[in-house]
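Enquirer: Got a structure for you, query.txt, holding compact mmCIF, C-alpha atoms.
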# COMPACT_ATOMS: atom_id res chain seq x y z
CA MET C 1 0.00 0.00 0.00
CA ALA C 2 1.27 3.48 -0.87
CA GLY C 3 2.26 5.75 2.03
CA PRO C 4 -0.16 8.41 3.17
CA ASP C 5 -0.24 11.46 0.91
CA ARG C 6 -0.12 14.27 3.42
CA ASP C 7 -0.75 16.95 0.79
CA ARG C 8 -4.10 15.46 -0.12
CA LEU C 9 -5.28 13.86 3.10
CA SER C 10 -8.03 15.93 4.72
CA TRP C 11 -7.37 16.42 8.43
CA TYR C 12 -11.12 16.74 9.02
CA GLU C 13 -11.93 13.44 7.32
CA ALA C 14 -8.94 11.42 8.56
CA SER C 15 -8.98 9.14 11.59
CA ALA C 16 -6.64 9.77 14.52
CA ARG C 17 -4.30 7.02 13.27
CA GLN C 18 -4.30 8.33 9.71
CA ARG C 19 -3.46 11.84 10.95
CA LEU C 20 -0.49 10.58 12.97
CA ASP C 21 0.78 8.34 10.17
CA ALA C 22 0.74 11.20 7.68
CA LEU C 23 1.89 13.92 10.08
CA LEU C 24 5.07 12.27 11.36
CA ASP C 25 8.12 11.22 9.39
CA PRO C 26 7.20 7.96 7.60
CA GLY C 27 7.54 4.88 9.75
CA SER C 28 8.76 6.83 12.79
CA PHE C 29 5.73 6.39 15.04
CA THR C 30 5.97 4.06 18.05
CA GLU C 31 2.74 3.58 19.93
CA VAL C 32 2.49 3.17 23.70
CA LEU C 33 -0.42 1.09 25.00
CA GLY C 34 -1.58 0.21 21.50
CA PRO C 35 -4.83 -1.56 20.65
CA ALA C 36 -3.43 -5.06 21.20
CA GLU C 37 -2.89 -4.20 24.89
CA ARG C 38 -6.67 -3.81 25.18
CA ARG C 39 -6.61 -1.11 27.85
CA MET C 40 -10.29 -0.40 27.46
CA SER C 41 -12.77 1.55 29.53
CA PRO C 42 -13.88 -0.31 32.67
CA HIS C 43 -17.02 1.85 32.81
CA LEU C 44 -18.68 1.64 29.41
CA PRO C 45 -19.85 -2.00 29.78
CA LEU C 46 -21.96 -0.88 32.76
CA PHE C 47 -23.91 1.26 30.32
CA ASP C 48 -24.06 -1.43 27.65
CA LEU C 49 -21.91 0.71 25.38
CA PRO C 50 -19.20 -0.55 23.03
CA ARG C 51 -15.56 0.07 23.88
CA ALA C 52 -12.56 0.90 21.71
CA PHE C 53 -9.28 -1.03 22.03
CA ASP C 54 -7.36 2.23 22.48
CA ASP C 55 -10.15 4.04 24.39
CA GLY C 56 -10.24 6.65 21.66
CA ILE C 57 -6.72 8.07 21.94
CA VAL C 58 -3.45 7.09 20.28
CA VAL C 59 -0.29 8.07 22.19
CA GLY C 60 3.40 7.52 21.55
CA SER C 61 6.49 9.04 20.04
CA GLY C 62 7.77 9.74 16.57
CA SER C 63 9.79 12.24 14.64
CA LEU C 64 8.85 15.42 12.81
CA ASP C 65 11.51 16.63 10.41
CA GLY C 66 13.97 14.43 12.30
CA LYS C 67 13.16 15.83 15.74
CA THR C 68 11.73 13.59 18.46
CA MET C 69 8.11 14.34 19.34
CA PHE C 70 5.64 12.97 21.82
CA VAL C 71 2.21 12.80 20.24
CA ALA C 72 -1.37 12.15 21.32
CA ALA C 73 -4.27 11.93 18.85
CA GLN C 74 -7.90 11.75 19.87
CA GLU C 75 -10.39 9.84 17.72
CA GLY C 76 -13.29 12.27 17.41
CA ARG C 77 -15.67 9.67 16.04
CA PHE C 78 -15.46 7.37 19.09
CA MET C 79 -17.81 8.88 21.68
CA GLY C 80 -17.09 12.34 20.30
CA GLY C 81 -13.43 12.03 21.27
CA ALA C 82 -14.48 12.48 24.88
CA PHE C 83 -12.22 11.99 27.90
CA GLY C 84 -12.76 8.86 29.97
CA GLU C 85 -10.56 7.36 32.66
CA VAL C 86 -8.19 5.34 30.44
CA HIS C 87 -8.25 7.91 27.65
CA GLY C 88 -7.26 10.66 30.07
CA ALA C 89 -4.65 8.55 31.86
CA LYS C 90 -2.91 7.83 28.55
CA LEU C 91 -2.66 11.56 27.81
CA VAL C 92 -1.50 12.46 31.32
CA GLY C 93 1.07 9.64 31.31
CA LEU C 94 2.47 10.87 28.01
CA LEU C 95 2.74 14.45 29.26
CA ARG C 96 4.44 13.37 32.48
CA ALA C 97 6.89 11.18 30.56
CA ALA C 98 7.81 14.27 28.54
CA LEU C 99 9.35 15.68 31.71
CA ASP C 100 11.82 12.79 31.81
CA VAL C 101 12.49 12.31 28.11
CA LYS C 102 12.42 16.00 27.07
CA PRO C 103 11.23 15.57 23.47
CA ALA C 104 11.53 18.56 21.11
CA ALA C 105 7.80 19.10 21.64
CA VAL C 106 4.52 17.42 22.56
CA LEU C 107 1.88 17.54 19.82
CA LEU C 108 -1.74 17.19 20.88
CA LEU C 109 -4.09 16.31 18.02
CA LEU C 110 -7.22 17.38 19.89
CA ASP C 111 -10.61 16.23 18.59
CA THR C 112 -13.01 16.15 21.50
CA GLY C 113 -16.40 17.18 22.82
CA GLY C 114 -15.01 17.23 26.37
CA VAL C 115 -15.63 14.77 29.16
CA ARG C 116 -17.37 11.42 28.62
CA LEU C 117 -20.54 11.67 30.71
CA GLN C 118 -20.55 7.95 31.55
CA GLU C 119 -17.25 8.35 33.42
CA ALA C 120 -17.42 12.03 34.15
CA ASN C 121 -15.56 12.16 37.47
CA ALA C 122 -12.58 10.31 36.03
CA GLY C 123 -12.75 12.45 32.91
CA GLU C 124 -12.85 15.74 34.82
CA THR C 125 -9.92 14.60 36.94
CA ALA C 126 -8.01 13.72 33.78
CA ILE C 127 -8.61 17.20 32.35
CA ALA C 128 -7.22 18.82 35.49
CA GLU C 129 -4.23 16.47 35.57
CA ALA C 130 -3.55 17.04 31.88
CA MET C 131 -3.56 20.82 32.36
CA ARG C 132 -1.16 20.55 35.26
CA ALA C 133 1.10 18.19 33.29
CA ILE C 134 1.11 20.57 30.30
CA VAL C 135 2.13 23.44 32.54
CA ALA C 136 4.88 21.31 34.07
CA ALA C 137 6.17 20.29 30.63
CA ARG C 138 6.18 23.89 29.43
CA ALA C 139 7.94 25.02 32.59
CA ALA C 140 10.59 22.39 31.88
CA GLY C 141 11.12 23.87 28.42
CA VAL C 142 9.09 21.40 26.35
CA PRO C 143 6.62 23.22 24.06
CA VAL C 144 3.14 21.71 23.88
CA VAL C 145 1.39 22.46 20.58
CA GLY C 146 -2.29 21.76 19.93
CA LEU C 147 -3.52 20.89 16.41
CA ILE C 148 -7.27 21.32 16.00
CA GLY C 149 -9.26 20.55 12.86
CA GLY C 150 -11.39 17.47 13.54
CA ARG C 151 -15.12 17.04 13.34
CA ALA C 152 -15.63 17.00 17.12
CA GLY C 153 -13.77 20.32 17.42
CA CYS C 154 -12.23 21.03 20.82
CA PHE C 155 -14.86 21.62 23.50
CA GLY C 156 -15.44 21.32 27.22
CA GLY C 157 -12.33 20.29 29.11
CA GLY C 158 -10.59 19.95 25.73
CA GLY C 159 -11.04 23.70 25.31
CA LEU C 160 -9.43 24.24 28.72
CA ILE C 161 -6.51 21.98 27.76
CA ALA C 162 -6.11 23.95 24.52
CA GLY C 163 -5.91 27.11 26.63
CA THR C 164 -2.86 25.76 28.45
CA CYS C 165 -0.91 24.86 25.30
CA SER C 166 2.13 26.86 24.19
CA ARG C 167 0.69 27.33 20.72
CA LEU C 168 -2.40 26.28 18.73
CA ALA C 169 -2.97 25.62 15.05
CA VAL C 170 -6.52 25.46 13.74
CA SER C 171 -8.22 24.90 10.40
CA GLU C 172 -11.45 26.39 9.14
CA GLY C 173 -13.40 23.27 10.13
CA GLY C 174 -11.85 23.26 13.60
CA ARG C 175 -13.78 24.82 16.45
CA ILE C 176 -12.47 25.77 19.88
CA SER C 177 -14.66 26.66 22.83
CA VAL C 178 -15.68 25.40 26.25
CA SER C 179 -19.49 25.23 26.13
CA GLY C 180 -20.59 23.84 22.77
CA PRO C 181 -23.42 25.27 20.65
CA GLU C 182 -26.05 22.81 21.92
CA VAL C 183 -25.03 23.40 25.53
CA ILE C 184 -25.42 27.16 25.20
CA GLU C 185 -28.77 26.79 23.48
CA THR C 186 -30.04 24.38 26.13
CA ASN C 187 -29.08 26.71 28.97
CA LYS C 188 -29.79 30.12 27.45
CA GLY C 189 -32.37 29.50 24.73
CA ALA C 190 -32.30 29.54 20.94
CA GLU C 191 -32.76 33.35 20.93
CA GLU C 192 -29.40 33.66 22.67
CA PHE C 193 -27.61 31.08 20.54
CA ASP C 194 -29.19 28.98 17.80
CA SER C 195 -27.06 25.83 17.59
CA LYS C 196 -28.58 24.95 14.21
CA ASP C 197 -27.28 28.20 12.70
CA ARG C 198 -24.04 26.74 11.35
CA ALA C 199 -22.76 30.12 10.15
CA LEU C 200 -23.25 31.54 13.65
CA VAL C 201 -21.53 28.52 15.23
CA TRP C 202 -18.50 28.81 12.98
CA ARG C 203 -18.06 32.56 13.23
CA THR C 204 -18.30 32.31 17.02
CA MET C 205 -16.14 29.23 17.65
CA GLY C 206 -14.55 28.42 14.30
CA GLY C 207 -10.92 28.48 13.27
CA LYS C 208 -11.03 31.84 11.49
CA HIS C 209 -12.48 33.65 14.51
CA ARG C 210 -10.00 32.02 16.88
CA ARG C 211 -7.13 33.03 14.63
CA LEU C 212 -8.33 36.61 14.19
CA ILE C 213 -8.63 37.29 17.92
CA GLY C 214 -5.31 35.59 18.62
CA GLY C 215 -6.78 32.52 20.32
CA ALA C 216 -4.98 30.34 17.78
CA ASP C 217 -1.52 31.10 16.43
CA ALA C 218 -1.76 29.52 12.99
CA PHE C 219 -4.55 28.97 10.48
CA CYS C 220 -4.15 25.91 8.26
CA ALA C 221 -5.73 24.61 5.11
CA ASP C 222 -7.48 21.30 5.79
CA THR C 223 -4.55 19.05 4.88
CA VAL C 224 -2.11 17.10 7.01
CA SER C 225 0.83 18.84 5.34
CA ALA C 226 -0.56 22.27 6.31
CA PHE C 227 -0.79 21.13 9.94
CA ARG C 228 2.71 19.68 9.74
CA GLU C 229 4.18 22.95 8.49
CA ALA C 230 2.26 24.89 11.12
CA ALA C 231 3.47 22.55 13.88
CA LEU C 232 7.11 22.99 12.87
CA ARG C 233 6.71 26.76 12.76
CA LEU C 234 4.91 26.95 16.10
CA ILE C 235 7.41 24.71 17.89
CA ALA C 236 10.20 26.99 16.69
CA ASP C 237 8.55 30.16 18.04
CA ALA C 238 6.89 28.81 21.19
CA PRO C 239 7.03 31.44 23.93
CA ALA C 240 9.01 31.00 27.12
CA PHE C 241 6.86 29.88 30.01
CA ASP C 242 7.67 32.43 32.66
CA LEU C 243 6.11 35.18 34.75
CA ASP C 244 6.60 37.79 32.00
CA THR C 245 4.66 35.70 29.49
CA LEU C 246 1.82 35.02 31.92
CA THR C 247 1.58 38.65 33.01
CA ALA C 248 1.44 39.76 29.39
CA GLU C 249 -1.25 37.15 28.64
CA GLN C 250 -3.34 38.36 31.56
CA ALA C 251 -3.05 41.98 30.43
CA ARG C 252 -4.04 41.06 26.88
CA LEU C 253 -7.05 39.05 28.01
CA ARG C 254 -8.18 41.98 30.16
CA ALA C 255 -7.76 44.35 27.23
CA ARG C 256 -9.71 41.95 25.02
CA ILE C 257 -12.73 42.10 27.31
CA ASP C 258 -12.52 45.91 27.49
CA ARG C 259 -12.30 46.18 23.75
CA PHE C 260 -14.80 43.55 22.58
CA GLY C 261 -17.01 42.95 25.61
CA GLN C 262 -19.93 44.90 24.17
CA CYS C 263 -19.86 43.24 20.74
CA ARG C 264 -23.00 41.30 19.78
CA ASP C 265 -21.49 39.16 17.04
CA ALA C 266 -18.09 38.01 15.86
CA THR C 267 -18.42 40.27 12.80
CA ASP C 268 -18.52 43.27 15.19
CA ILE C 269 -15.23 42.09 16.67
CA TRP C 270 -13.67 41.64 13.26
CA ALA C 271 -14.76 45.16 12.29
CA LYS C 272 -13.10 46.52 15.46
CA LEU C 273 -9.97 44.59 14.56
CA GLY C 274 -9.82 46.58 11.34
CA VAL C 275 -11.07 43.93 8.93
CA ASN C 276 -12.43 45.94 5.99
CA ASP C 277 -15.28 43.65 5.04
CA PRO C 278 -16.15 41.44 8.02
CA ASP C 279 -19.04 39.77 6.20
CA ALA C 280 -16.59 38.45 3.60
CA VAL C 281 -14.41 36.59 6.14
CA PRO C 282 -16.33 33.28 6.27
CA ALA C 283 -16.06 32.77 2.49
CA MET C 284 -12.34 33.70 2.22
CA ASP C 285 -9.90 31.06 1.04
CA THR C 286 -6.75 30.41 3.07
CA GLY C 287 -4.61 32.87 1.09
CA ALA C 288 -7.04 35.79 1.35
CA PHE C 289 -7.62 35.01 5.01
CA ASP C 290 -3.88 34.99 5.74
CA GLU C 291 -3.66 38.51 4.28
CA THR C 292 -6.55 39.62 6.48
CA VAL C 293 -4.88 38.14 9.56
CA ALA C 294 -1.65 39.94 8.73
CA GLN C 295 -3.55 43.26 9.00
CA ALA C 296 -5.19 42.43 12.34
CA ARG C 297 -2.61 43.14 15.01
CA GLU C 298 -4.59 41.21 17.62
CA ALA C 299 -3.72 37.92 15.92
CA VAL C 300 -0.11 38.19 17.12
CA HIS C 301 -0.78 37.30 20.65
CA ASP C 302 0.31 34.91 23.40
CA ALA C 303 -3.07 34.86 25.13
CA ARG C 304 -5.56 32.15 24.35
CA MET Q 1 -23.56 -6.25 25.04
CA GLU Q 2 -23.46 -9.54 23.19
CA SER Q 3 -20.24 -11.51 22.81
CA LEU Q 4 -19.86 -13.89 19.88
CA THR Q 5 -16.88 -16.06 18.97
CA PHE Q 6 -16.46 -18.03 15.75
CA ARG Q 7 -13.61 -20.48 15.09
CA HIS Q 8 -12.69 -21.67 11.62
CA THR Q 9 -10.09 -23.90 10.03
CA THR Q 10 -8.49 -22.48 6.89
CA THR Q 11 -6.72 -24.20 4.00
CA LYS Q 12 -3.76 -21.81 4.15
CA PRO Q 13 -2.23 -19.05 6.25
CA LEU Q 14 -2.96 -15.40 5.48
CA PRO Q 15 -0.08 -14.12 3.27
CA GLY Q 16 2.33 -11.50 4.60
CA THR Q 17 4.26 -11.17 7.84
CA LYS Q 18 2.68 -8.13 9.47
CA PRO Q 19 2.01 -9.16 13.08
CA GLN Q 20 -0.90 -6.83 13.72
CA ALA Q 21 -3.25 -4.32 12.12
CA ILE Q 22 -6.25 -2.25 13.11
CA THR Q 23 -8.88 -0.63 10.93
CA GLY Q 24 -12.14 1.22 11.43
CA VAL Q 25 -13.51 3.21 14.34
CA VAL Q 26 -16.16 2.39 16.93
CA ALA Q 27 -18.77 4.88 15.74
CA SER Q 28 -22.41 4.65 14.77
CA GLY Q 29 -22.74 2.22 11.86
CA ASN Q 30 -19.02 1.49 11.95
CA LEU Q 31 -16.74 -0.92 13.79
CA GLU Q 32 -13.08 -1.48 14.60
CA ILE Q 33 -11.25 -4.64 13.70
CA LEU Q 34 -8.00 -5.71 15.33
CA LEU Q 35 -6.07 -8.47 13.57
CA GLU Q 36 -3.23 -10.33 15.29
CA ARG Q 37 -1.10 -13.10 13.79
CA VAL Q 38 -1.00 -15.28 16.90
CA LEU Q 39 -2.75 -18.56 15.97
CA PRO Q 40 -1.58 -21.77 14.25
CA PRO Q 41 -1.40 -21.19 10.46
CA ASP Q 42 -4.61 -23.09 9.72
CA ALA Q 43 -6.74 -21.49 12.44
CA CYS Q 44 -8.82 -18.33 12.49
CA GLU Q 45 -10.85 -16.95 15.37
CA VAL Q 46 -13.23 -14.02 15.22
CA ALA Q 47 -14.44 -12.53 18.52
CA ILE Q 48 -17.15 -9.89 18.41
CA GLU Q 49 -18.51 -7.49 21.01
CA THR Q 50 -21.69 -5.80 19.83
CA PRO Q 51 -24.29 -3.62 21.53
CA VAL Q 52 -26.91 -4.85 19.08
CA ALA Q 53 -28.11 -8.22 20.39
CA GLY Q 54 -29.84 -10.95 18.40
CA TYR Q 55 -27.88 -10.92 15.14
CA GLY Q 56 -25.71 -14.00 15.81
CA PRO Q 57 -26.75 -15.84 12.63
CA VAL Q 58 -25.98 -12.77 10.47
CA TRP Q 59 -22.50 -12.39 12.04
CA GLU Q 60 -21.92 -16.11 11.57
CA ALA Q 61 -22.75 -15.87 7.86
CA VAL Q 62 -20.66 -12.74 7.27
CA VAL Q 63 -17.65 -14.22 9.09
CA ALA Q 64 -17.96 -17.58 7.25
CA ASP Q 65 -18.09 -15.75 3.91
CA PHE Q 66 -15.00 -13.70 4.82
CA VAL Q 67 -13.05 -16.78 5.95
CA ALA Q 68 -13.93 -18.61 2.74
CA ARG Q 69 -12.80 -15.65 0.63
CA ALA Q 70 -9.67 -14.48 2.48
CA GLN Q 71 -8.44 -17.74 4.09
CA PRO Q 72 -7.05 -15.75 7.04
CA GLY Q 73 -5.11 -18.63 8.65
CA GLY Q 74 -3.10 -17.77 11.77
CA VAL Q 75 -5.05 -14.63 12.53
CA ARG Q 76 -7.11 -13.78 15.58
CA ILE Q 77 -9.65 -11.08 14.79
CA SER Q 78 -11.25 -8.99 17.52
CA ILE Q 79 -14.16 -6.71 16.73
CA ASN Q 80 -15.69 -3.82 18.65
CA ASP Q 81 -18.94 -3.14 16.87
CA GLY Q 82 -20.78 0.17 16.80
CA GLY Q 83 -23.85 -1.19 15.03
CA ALA Q 84 -22.33 -1.72 11.57
CA ARG Q 85 -24.39 -3.23 8.75
CA PRO Q 86 -23.29 -6.60 7.36
CA ASP Q 87 -21.86 -5.07 4.16
CA THR Q 88 -19.71 -2.66 6.22
CA VAL Q 89 -18.50 -5.55 8.39
CA SER Q 90 -17.59 -7.54 5.30
CA LEU Q 91 -15.64 -4.67 3.74
CA ARG Q 92 -13.78 -3.91 6.98
CA LEU Q 93 -12.79 -7.57 7.40
CA LEU Q 94 -11.37 -7.67 3.87
CA GLN Q 95 -9.65 -4.32 4.44
CA GLY Q 96 -8.07 -5.69 7.63
CA ALA Q 97 -6.84 -8.80 5.85
CA ARG Q 98 -5.30 -6.63 3.13
CA LEU Q 99 -3.47 -4.54 5.75
CA MET Q 100 -1.97 -7.72 7.21
CA GLU Q 101 -0.75 -8.80 3.77
CA ALA Q 102 1.06 -5.50 3.15
Show me this structure written as structure tokens.

Expert:
Amino acid sequence: MAGPDRDRLSWYEASARQRLDALLDPGSFTEVLGPAERRMSPHLPLFDLPRAFDDGIVVGSGSLDGKTMFVAAQEGRFMGGAFGEVHGAKLVGLLRAALDVKPAAVLLLLDTGGVRLQEANAGETAIAEAMRAIVAARAAGVPVVGLIGGRAGCFGGGGLIAGTCSRLAVSEGGRISVSGPEVIETNKGAEEFDSKDRALVWRTMGGKHRRLIGGADAFCADTVSAFREAALRLIADAPAFDLDTLTAEQARLRARIDRFGQCRDATDIWAKLGVNDPDAVPAMDTGAFDETVAQAREAVHDAR
Amino acid sequence: MESLTFRHTTTKPLPGTKPQAITGVVASGNLEILLERVLPPDACEVAIETPVAGYGPVWEAVVADFVARAQPGGVRISINDGGARPDTVSLRLLQGARLMEA
């Protein structure tokens, strides 16, 4: 069988394993706790639900342009990529091992709706442990880069984890938030947020919005090669993890609320950012969007 | 959950030397198939976990058809089903066998 063609493989359509195979240098991936080990969820059988051999996350090491990486890839189609006990433990274990091994970076291929409700306590704990482990890895000088462009997006605790990463790359199909569209609608009503309005969902949580306000640091076309190039670039310019960086992030987040807090729609924010024709943003191709980003100073930003 | 196991004798081993392969995802209408070359060369075992109970005879027929076509001797096949239709199961099994031959 021919090797994966990373220029043509859609990140959005690919499985977690296909993404890793195509992202890393060919043949370099070594999996830890692979499917044959059968470390499956102890909780799902209680609910009469099917399990996955890898509990929906693939972890291990490989190389990217010759440099050693630790990688974790969530499978967004298995239970929405949600965190369960085993799933979370695999991610936390990988991040903690990064402290000992000191890879060039940890890449998190996030594709998750958040915590798996059937094992919510374990999932919530895993989110907290993962955030702490990311902070520890960054403090030890290992950049942690999130790559987001799967169909589950990056929601709930996944959105919190993304907020702790050194850098984030996102594609147009990728979404980053904490409460998802349906959650907001359920709690606040369809007048507040209509989850069936796909245009609204994407301009509020989608990749372009996140990039424009500086929540993500790179905007990629929906191919594995675009994510690979972005990952290499982001690893190279990952910020130091120190008090200066955190203080600057806090100041920027405060300024963001002051500046955009009264906006009613993402297009209002884009107009304030100096985008000439905010209504044209959703239909822009990657090239035109990159030019728009270059004019919006906010996009150069260490704050999530 | 329903657990089903089918054992078959094959006329030959599955070609190739790949020790293990996995294909598919446990999602609605889909399934994951793990293949491991761990059995004697004329044996094949297929173990299925499915949340959709009562389709034993259909699984039996699909698996028997696959074994007759692919002759996957030496391979243990483990399936986590997400409610896949028989044609999807059949295609995934053949896809898995092909991955092992690579």

Enquirer: Near chain Q, meaning an atom within 8 Å, which residues of chain C appear when counting only C-alpha atoms? Write them as a list in words.

Expert: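 Putting it all together, I get Met1, Ser15, Pro35, Ala36, Pro45, Asp48, Leu49, Pro50, Arg51, Ala52, Phe53, Arg77, Phe78 and Met79 of chain C.
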
Enquirer: Just want the 10 Å neighbourhood of Ala89 in chain C, counted on only C-alpha atoms, with same-chain residues fewer than 5 positions away dropped. Output as an MDAnalysis selection string.

Expert: chainID C and resid 83:84 94:95 122:123 125:127 129:130

Enquirer: Would you kindly return, as a PyMOL selection string, each protein, DNA or RNA residue with an atom no farther than 8 Å from any atom of Ala266 in chain C, considering all atoms listed in the file and excluding same-chain residues fewer than 2 positions away?

Expert: chain C and resi 203-204+209+263-264+268-270

Enquirer: With C-alpha atoms retained, write the just-selected residues as a compact mmCIF listing (two decimals), in the coordinates of the input.

Expert:
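The file below, result.txt, is the result:
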# COMPACT_ATOMS: atom_id res chain seq x y z
CA ARG C 203 -18.06 32.56 13.23
CA THR C 204 -18.30 32.31 17.02
CA HIS C 209 -12.48 33.65 14.51
CA CYS C 263 -19.86 43.24 20.74
CA ARG C 264 -23.00 41.30 19.78
CA ASP C 268 -18.52 43.27 15.19
CA ILE C 269 -15.23 42.09 16.67
CA TRP C 270 -13.67 41.64 13.26

Enquirer: Name the residues in contact with Val183 in chain C at a cut-off of 12 Å, using all atoms listed in the file, excluding same-chain residues fewer than 5 positions from it; report them as an NGL selection string.

Expert: :C and (113-114 or 155-156 or 177-178 or 188-190 or 192-196)

Enquirer: Please dump the current selection as a short mmCIF file (atom, residue, chain, number, x, y, z; two decimals), in the coordinates of the input; keep C-alpha atoms.

Expert:
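And here's again.cif as it stands now:
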data_model
loop_
_atom_site.label_atom_id
_atom_site.label_comp_id
_atom_site.auth_asym_id
_atom_site.auth_seq_id
_atom_site.Cartn_x
_atom_site.Cartn_y
_atom_site.Cartn_z
CA GLY C 113 -16.40 17.18 22.82
CA GLY C 114 -15.01 17.23 26.37
CA PHE C 155 -14.86 21.62 23.50
CA GLY C 156 -15.44 21.32 27.22
CA SER C 177 -14.66 26.66 22.83
CA VAL C 178 -15.68 25.40 26.25
CA LYS C 188 -29.79 30.12 27.45
CA GLY C 189 -32.37 29.50 24.73
CA ALA C 190 -32.30 29.54 20.94
CA GLU C 192 -29.40 33.66 22.67
CA PHE C 193 -27.61 31.08 20.54
CA ASP C 194 -29.19 28.98 17.80
CA SER C 195 -27.06 25.83 17.59
CA LYS C 196 -28.58 24.95 14.21
#

Enquirer: Would you kindly identify which residues have an atom no farther than 9 Å from (-24.6, -7.3, 9.5), using only C-alpha atoms and the file's own coordinates, and write them out as a PDB file with C-alpha atoms, in the frame of the given file?

Expert:
ATOM      1  CA  TYR Q  55     -27.880 -10.920  15.140  1.00  0.00           C
ATOM      2  CA  VAL Q  58     -25.980 -12.770  10.470  1.00  0.00           C
ATOM      3  CA  TRP Q  59     -22.500 -12.390  12.040  1.00  0.00           C
ATOM      4  CA  ALA Q  61     -22.750 -15.870   7.860  1.00  0.00           C
ATOM      5  CA  VAL Q  62     -20.660 -12.740   7.270  1.00  0.00           C
ATOM      6  CA  GLY Q  83     -23.850  -1.190  15.030  1.00  0.00           C
ATOM      7  CA  ALA Q  84     -22.330  -1.720  11.570  1.00  0.00           C
ATOM      8  CA  ARG Q  85     -24.390  -3.230   8.750  1.00  0.00           C
ATOM      9  CA  PRO Q  86     -23.290  -6.600   7.360  1.00  0.00           C
ATOM     10  CA  ASP Q  87     -21.860  -5.070   4.160  1.00  0.00           C
ATOM     11  CA  THR Q  88     -19.710  -2.660   6.220  1.00  0.00           C
ATOM     12  CA  VAL Q  89     -18.500  -5.550   8.390  1.00  0.00           C
ATOM     13  CA  SER Q  90     -17.590  -7.540   5.300  1.00  0.00           C
TER      14      SER Q  90
END

Enquirer: Please report the interatomic distance between CA of Val58 in chain C and CA of Asp25 in chain C in Å with one decimal.

Expert: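 The value is 16.4 Å.
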
Enquirer: Do you know which residues are at most 12 Å from Val63 in chain Q counting all atoms listed in the file, after dropping those on the same chain fewer than 5 positions away, and could you put them as a count of residues only?

Expert: 29

Enquirer: What is the CA of Asp265 in chain C-CA of Pro181 in chain C distance in Å, reported with one decimal?

Expert: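 Calculated distance between CA of Asp265 in chain C and CA of Pro181 in chain C is 14.5 Å.
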
Enquirer: Write out as a PyMOL selection string the residues lying within 12 Å of Cys154 in chain C, counting only C-alpha atoms and excluding same-chain residues fewer than 3 positions away.

Expert: chain C and resi 74-76+80-83+108-115+146-151+157-163+168-171+173-181+205-207+210

Enquirer: Produce a file of the selected residues containing C-alpha atoms, as a short mmCIF file (atom, residue, chain, number, x, y, z; two decimals), in the frame of the given file.

Expert:
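Generated file (part-v6.cif):
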data_model
loop_
_atom_site.label_atom_id
_atom_site.label_comp_id
_atom_site.auth_asym_id
_atom_site.auth_seq_id
_atom_site.Cartn_x
_atom_site.Cartn_y
_atom_site.Cartn_z
CA GLN C 74 -7.90 11.75 19.87
CA GLU C 75 -10.39 9.84 17.72
CA GLY C 76 -13.29 12.27 17.41
CA GLY C 80 -17.09 12.34 20.30
CA GLY C 81 -13.43 12.03 21.27
CA ALA C 82 -14.48 12.48 24.88
CA PHE C 83 -12.22 11.99 27.90
CA LEU C 108 -1.74 17.19 20.88
CA LEU C 109 -4.09 16.31 18.02
CA LEU C 110 -7.22 17.38 19.89
CA ASP C 111 -10.61 16.23 18.59
CA THR C 112 -13.01 16.15 21.50
CA GLY C 113 -16.40 17.18 22.82
CA GLY C 114 -15.01 17.23 26.37
CA VAL C 115 -15.63 14.77 29.16
CA GLY C 146 -2.29 21.76 19.93
CA LEU C 147 -3.52 20.89 16.41
CA ILE C 148 -7.27 21.32 16.00
CA GLY C 149 -9.26 20.55 12.86
CA GLY C 150 -11.39 17.47 13.54
CA ARG C 151 -15.12 17.04 13.34
CA GLY C 157 -12.33 20.29 29.11
CA GLY C 158 -10.59 19.95 25.73
CA GLY C 159 -11.04 23.70 25.31
CA LEU C 160 -9.43 24.24 28.72
CA ILE C 161 -6.51 21.98 27.76
CA ALA C 162 -6.11 23.95 24.52
CA GLY C 163 -5.91 27.11 26.63
CA LEU C 168 -2.40 26.28 18.73
CA ALA C 169 -2.97 25.62 15.05
CA VAL C 170 -6.52 25.46 13.74
CA SER C 171 -8.22 24.90 10.40
CA GLY C 173 -13.40 23.27 10.13
CA GLY C 174 -11.85 23.26 13.60
CA ARG C 175 -13.78 24.82 16.45
CA ILE C 176 -12.47 25.77 19.88
CA SER C 177 -14.66 26.66 22.83
CA VAL C 178 -15.68 25.40 26.25
CA SER C 179 -19.49 25.23 26.13
CA GLY C 180 -20.59 23.84 22.77
CA PRO C 181 -23.42 25.27 20.65
CA MET C 205 -16.14 29.23 17.65
CA GLY C 206 -14.55 28.42 14.30
CA GLY C 207 -10.92 28.48 13.27
CA ARG C 210 -10.00 32.02 16.88
#

Enquirer: Hey, which of Q:Thr17, Q:Thr11, Q:Ser3, Q:Gln95 ends up closest to Val67 in chain Q? Count only C-alpha atoms.

Expert: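 Answer, going by the shortest atom-to-atom distance: Q:Thr11.
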
Enquirer: Quick one: distance from CA of Thr223 in chain C to CA of Arg6 in chain C in Å, one decimal?

Expert: 6.7 Å

Enquirer: The residues within 8 Å of (-7.1, 37.4, 9.5), using only C-alpha atoms and the coordinates of the file, should be reported as an NGL selection string; which are they?

Expert: :C and (208 or 211-212 or 275 or 289-296 or 299)

Enquirer: Quick one: 6 Å padding each side, axis-aligned, all listed atoms of range 15-18 of chain Q - centre and edge lengths in Å to one decimal, as JSON?

Expert:
{"center_x": 2.1, "center_y": -11.1, "center_z": 6.4, "size_x": 16.3, "size_y": 18.0, "size_z": 18.2}

Enquirer: Pick the closest to Arg38 in chain C from C:Pro26, C:Gly274, C:Pro282, C:Gly56: which is it, counting only C-alpha atoms?

Expert: C:Gly56
